[in-house]
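Student: One structure is given below, represented as C-alpha cells, and several questions about it will come after.
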Amino acid sequence: METLDVVEKVAFNLLRLAVIYLPDDVKRALQKAHAEETSETGKTQLKAILDNVEFAEKYGAPMCQDTGTIIFYVKAGAKAKDLDKVEKALIRATKRATVEIPIRPNAVNPFTQKNSGDNTGRLIPYVNWEIVPGTDTEITVLPKGGGSENVCVMSMLVPGEGIKGVKKFVVDAVLKAGAKPCPPNILGVGIGGGSDIAMKIAKKALLRPIEVPNLDPEIARLEEEILEAVNMTGIGPMGLGGKTTVLGVNIDYAYRHPASYPAAVAFNCWAARRATAKISADGTVEYLTHKVEVK
Amino acid sequence: MAVYKLKTPISEEETRKLKVNDVLYVSGTMVTARDQAHRRALEHFKQGKSLPINLEGLAVFHCGPIVKKKEDRWTIVAAGPTTSTRMDIFEDEFIKNFKARVIVGKGGMGKRTTEAMAKYGAVYGAFTGGAAILAAKAIKNVRTVEWLDLGMPEAMWILEVEEFGPLTVAIDSHGNNLFMEVQKKVEENKQRIYQKLGI
C-alpha cells in the first residue's frame, strides 16, 4: 500500500477511536470521582457521564456531539519515506471521518462565517510536526472541544513572583472558567518559553495520561498541589457543585527569557479524547492508546 | 430533591412546582436552538412573522447535534448540550414572546434569564455537557428541520423525545439559580485556597 493510503487509513481509525472510546486513564479517573463524590447533584452528573461513555462504546457513536477541532501531532522519523504526503493524507482522513463516522463539521471561515462542511480549511486540521530519529512515524489525534477551548488562557506573569504566580494564575483560570469547560477537566499547564511556546506545550501536555506524573519529582509535586487546590473550589461536575472539578494537572515547561514569565493553561473537557498509532517503515501499524480492534 | 416526569405541552402551573436541584425528565416535543436560531426567532417576532413551530409549553434545547440523513430520514447521531451563557442575551425575550417552559443546556444562565423565568414561568434544566449519546437515546424521532440554511449545528431541529434527562433544575421559576449559588460558595472558597497555596 502507498504511504498516502496507509496514513489516511490510520488517521481515519485514530479519529474514530478517539471520538468513540475515552482513554482508560480518563475513564478510571471518572469512575473514582463518581465513587468519591459527596454532592448528590455532582454524583448525578458523573453517573450520566459514565453511562454516556458506556453507550458511546456500545453503539460505536461519538461520545460528544462536539467532536472538536481536529489537531494532529506527528512524530516523523527522519528516515521515514514520503513524509511530504502525510499532511495530505491527514486532510483526506479528516474529510472521510466527517462523513463516515460521522463527526460534526466544525471548521468555519472566520471572515465569511461559512462552515466548510468537512472539518478542513486553511491550516485545519492543524498538524504539529516533530522530527525524531529512525524510520517510524507516530501520529496522534487530539479532537479538541470548543467549550473547553474557550477558557484556555495565556498570561505574561511577573518573573519576581516565580512559581507562586503560576499557582495563582492556574487557580484563577479554573475559578473564572467555572461550569463552562464541562468539568471535571484536565489541565495542561505550560510554563516559560514565550507566549506561543507556553500555550503550545500546555496543549501538548494534554496528551500525557493523567496517571503518569511529570518525570521531575518536584514538578510532579506541583501537579499534585495544584490538583488538590483546584478541587477545593467546589465548582464540581458541570459546575453544579461537588468535589471533583479537575481530574488531572499535566505541567510542562521551557526555559524563559530573564524578563518574561509566560504561563498558559489549556483546558480539556471530561471527554478528553486522544488516540495514537505508530507506523513502521514496513507498513505495520500499532495502535498505542486503544486496545479495541481496528479493521 | 424530587424527581419529575413532564410531558409537553407543559403548563405554567407544572413549571412552578419545580425547585432548584430537582431532577426532571421531559417527554414530547423538544426544539434545538443555538445563537443563530434565537436571533432569527426574535427577528421574526419583531417583524410579526410566525415561527415554523409554536413553542408554547415546549422544551428548547441549546444543542448543535450531529445528524445523519438515511434514505430521506434524519437520525440524530449525537446531541449533547452547548454552553447556554451565549444565549443569555436572547433568552429573556425568547421566554417572554414564545412561552417555552423548559430551557435545556449546560453551564447555566445569568440574571436576565433567571428574572424572566420567574416572571413568565419557565425553568432551566442542566443536562450533562457532552453526554451526547445519552441525549440521542432519548430522542425517538426527528420530526423535521427548519432553518437548515443556518448550518447543521445552528438549525432548528424539531425532535420527539421520551424521558429526556436527567435534567437538574438549575434555575427555577422562583428566582433561584443553582449556578449562582455554587458561584457564591466558590468565591468563599477562594481565600481558603490562596491561603493553602501561600499566595
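Residue names in the C-alpha cells use chain letters A, B, ... in the order shown, residue numbers from 1 in each chain, and ligand numbers from 1 in the order shown.
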Hey, what does DSSP flag as alpha helix (DSSP H) within region 113-168 of chain A? Can you give it to me as a list in words?
Tutor: Gly146, Gly147, Ser148, Glu149, Gly162, Ile163, Lys164, Gly165, Val166, Lys167 and Lys168 of chain A
Student: Please produce a file of those selected residues containing C-alpha atoms, as a tab-separated table (two decimals), in the first residue's frame.
Tutor:
```tsv
chain	number	residue	atom	x	y	z
A	146	GLY	CA	-14.85	24.21	21.74
A	147	GLY	CA	-16.33	24.67	25.22
A	148	SER	CA	-13.06	23.89	26.95
A	149	GLU	CA	-11.06	25.75	24.30
A	162	GLY	CA	8.05	32.85	40.42
A	163	ILE	CA	6.09	29.64	40.83
A	164	LYS	CA	3.68	31.32	43.27
A	165	GLY	CA	2.48	33.41	40.37
A	166	VAL	CA	1.85	30.26	38.35
A	167	LYS	CA	-0.21	28.69	41.12
A	168	LYS	CA	-2.42	31.77	41.39
```
Student: Can you tell me, as a list in words, what residues are no more than 9 Å from Asp92 (chain B) when counting only C-alpha atoms, ignoring any on the same chain fewer than 6 positions away?
Tutor: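 These residues fall inside the cut-off: Arg112, Thr113, Thr114, Glu115, Ala116 and Met117 of chain B.
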Student: Let's have the selection written as a PDB file, in the first residue's frame, with C-alpha atoms.
Tutor:
```pdb
ATOM      1  CA  ARG B 112     -31.672  38.333  32.990  1.00  0.00           C
ATOM      2  CA  THR B 113     -32.815  34.812  32.187  1.00  0.00           C
ATOM      3  CA  THR B 114     -33.408  33.985  35.865  1.00  0.00           C
ATOM      4  CA  GLU B 115     -35.683  37.024  36.194  1.00  0.00           C
ATOM      5  CA  ALA B 116     -37.579  36.182  33.013  1.00  0.00           C
ATOM      6  CA  MET B 117     -38.080  32.600  34.212  1.00  0.00           C
TER       7      MET B 117
END
```
Student: Considering only C-alpha atoms, state which residue in the set A:Ala202, A:Thr137, A:Lys114, A:Lys291 is at the smallest distance from Asp149 (chain B).
Tutor: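 Ranked by minimum distance to Asp149 (chain B), first place goes to A:Lys114.
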Student: Using only C-alpha atoms, can you tell me which of B:Ala135, B:Met156, B:Met180, B:Val161 comes closest to Gln36 (chain B)?
Tutor: B:Met156
Student: Starting from chain A, keep only residues with some atom at most 9 Å from an atom of chain B, counting only C-alpha atoms, and report them as a PyMOL selection string.
Tutor: chain A and resi 41+44-46+48-53+55-56+59+61-66+99+102-105+114-115+117+147+164-165+167-168+171-172+175+178-183+225-226+229-230+232-241+269-271
Student: Next, dump the selected residues to file, keeping only C-alpha atoms, as a tab-separated table (two decimals), in the first residue's frame.
Tutor:
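Heads up, here's the output in selection29.tsv:
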```tsv
chain	number	residue	atom	x	y	z
A	41	THR	CA	-26.13	16.63	42.06
A	44	THR	CA	-25.89	12.51	39.14
A	45	GLN	CA	-23.69	14.33	36.62
A	46	LEU	CA	-20.82	11.85	36.90
A	48	ALA	CA	-24.64	10.50	33.38
A	49	ILE	CA	-21.09	10.90	32.04
A	50	LEU	CA	-20.18	7.27	32.80
A	51	ASP	CA	-23.45	5.99	31.29
A	52	ASN	CA	-22.79	8.11	28.23
A	53	VAL	CA	-19.24	6.77	27.84
A	55	PHE	CA	-23.36	3.91	25.45
A	56	ALA	CA	-20.87	5.53	23.07
A	59	TYR	CA	-23.31	2.00	19.84
A	61	ALA	CA	-21.03	6.63	18.20
A	62	PRO	CA	-19.10	9.77	19.21
A	63	MET	CA	-19.33	10.31	22.99
A	64	CYS	CA	-19.89	14.04	22.49
A	65	GLN	CA	-21.56	15.89	19.63
A	66	ASP	CA	-18.74	18.42	19.64
A	99	VAL	CA	-18.93	11.72	6.55
A	102	PRO	CA	-19.70	10.87	11.29
A	103	ILE	CA	-18.12	13.79	13.16
A	104	ARG	CA	-19.60	17.28	13.27
A	105	PRO	CA	-18.36	19.77	10.67
A	114	LYS	CA	-19.24	29.84	6.39
A	115	ASN	CA	-18.75	26.27	7.61
A	117	GLY	CA	-18.74	21.23	5.96
A	147	GLY	CA	-16.33	24.67	25.22
A	164	LYS	CA	3.68	31.32	43.27
A	165	GLY	CA	2.48	33.41	40.37
A	167	LYS	CA	-0.21	28.69	41.12
A	168	LYS	CA	-2.42	31.77	41.39
A	171	VAL	CA	-6.36	28.62	40.26
A	172	ASP	CA	-7.81	31.88	38.92
A	175	LEU	CA	-12.34	29.85	39.08
A	178	GLY	CA	-16.46	27.71	36.25
A	179	ALA	CA	-19.01	25.46	34.56
A	180	LYS	CA	-18.08	26.47	31.01
A	181	PRO	CA	-15.41	23.88	30.09
A	182	CYS	CA	-17.57	20.85	31.06
A	183	PRO	CA	-15.85	19.91	34.32
A	225	GLU	CA	-0.59	20.57	44.81
A	226	ILE	CA	-2.48	22.43	42.06
A	229	ALA	CA	-6.17	23.26	45.30
A	230	VAL	CA	-8.47	23.50	42.30
A	232	MET	CA	-11.24	22.81	46.76
A	233	THR	CA	-13.15	25.33	44.63
A	234	GLY	CA	-16.43	23.43	44.90
A	235	ILE	CA	-17.27	24.06	41.23
A	236	GLY	CA	-17.83	20.33	40.79
A	237	PRO	CA	-19.05	18.23	37.87
A	238	MET	CA	-20.68	20.51	35.27
A	239	GLY	CA	-20.35	23.42	37.68
A	240	LEU	CA	-23.33	22.21	39.69
A	241	GLY	CA	-21.24	21.83	42.85
A	269	CYS	CA	-13.30	18.69	28.97
A	270	TRP	CA	-14.07	15.32	30.61
A	271	ALA	CA	-14.37	13.97	27.05
```
Student: Might you pull out every residue within 12 Å of Ile53 (chain B), with only C-alpha atoms counted and same-chain residues fewer than 3 positions away left off, and present them as a list of chain:residue names?
Tutor: B:Thr29, B:Met30, B:Val31, B:Thr32, B:Ala41, B:Lys49, B:Ser50, B:Glu56, B:Gly57, B:Leu58, B:Val60, B:Phe98, B:Ala100, B:Arg143, B:Thr144, B:Val145, B:Glu146, B:Trp147, B:Met156, B:Trp157, B:Ile158, B:Leu159
Student: Store the residues picked out above in a file with C-alpha atoms, as an mmCIF file, in the first residue's frame.
Tutor:
```
data_model
loop_
_atom_site.group_PDB
_atom_site.id
_atom_site.type_symbol
_atom_site.label_atom_id
_atom_site.label_comp_id
_atom_site.auth_asym_id
_atom_site.auth_seq_id
_atom_site.Cartn_x
_atom_site.Cartn_y
_atom_site.Cartn_z
ATOM 1 C CA THR B 29 -41.543 17.929 21.663
ATOM 2 C CA MET B 30 -38.136 19.475 22.043
ATOM 3 C CA VAL B 31 -36.696 22.065 19.673
ATOM 4 C CA THR B 32 -32.989 22.827 19.294
ATOM 5 C CA ALA B 41 -36.708 33.787 16.010
ATOM 6 C CA LYS B 49 -43.808 36.716 11.259
ATOM 7 C CA SER B 50 -44.751 33.458 12.940
ATOM 8 C CA GLU B 56 -45.565 27.458 23.886
ATOM 9 C CA GLY B 57 -45.163 24.762 26.545
ATOM 10 C CA LEU B 58 -42.297 23.086 24.721
ATOM 11 C CA VAL B 60 -35.940 24.289 23.929
ATOM 12 C CA PHE B 98 -42.713 32.294 22.861
ATOM 13 C CA ALA B 100 -41.214 27.877 26.114
ATOM 14 C CA ARG B 143 -39.977 15.332 13.125
ATOM 15 C CA THR B 144 -38.485 17.942 10.843
ATOM 16 C CA VAL B 145 -35.762 20.519 10.482
ATOM 17 C CA GLU B 146 -36.257 24.239 9.973
ATOM 18 C CA TRP B 147 -33.741 26.915 9.027
ATOM 19 C CA MET B 156 -33.867 24.288 14.386
ATOM 20 C CA TRP B 157 -34.283 20.544 14.808
ATOM 21 C CA ILE B 158 -37.775 19.562 15.927
ATOM 22 C CA LEU B 159 -37.458 16.405 17.977
#
```
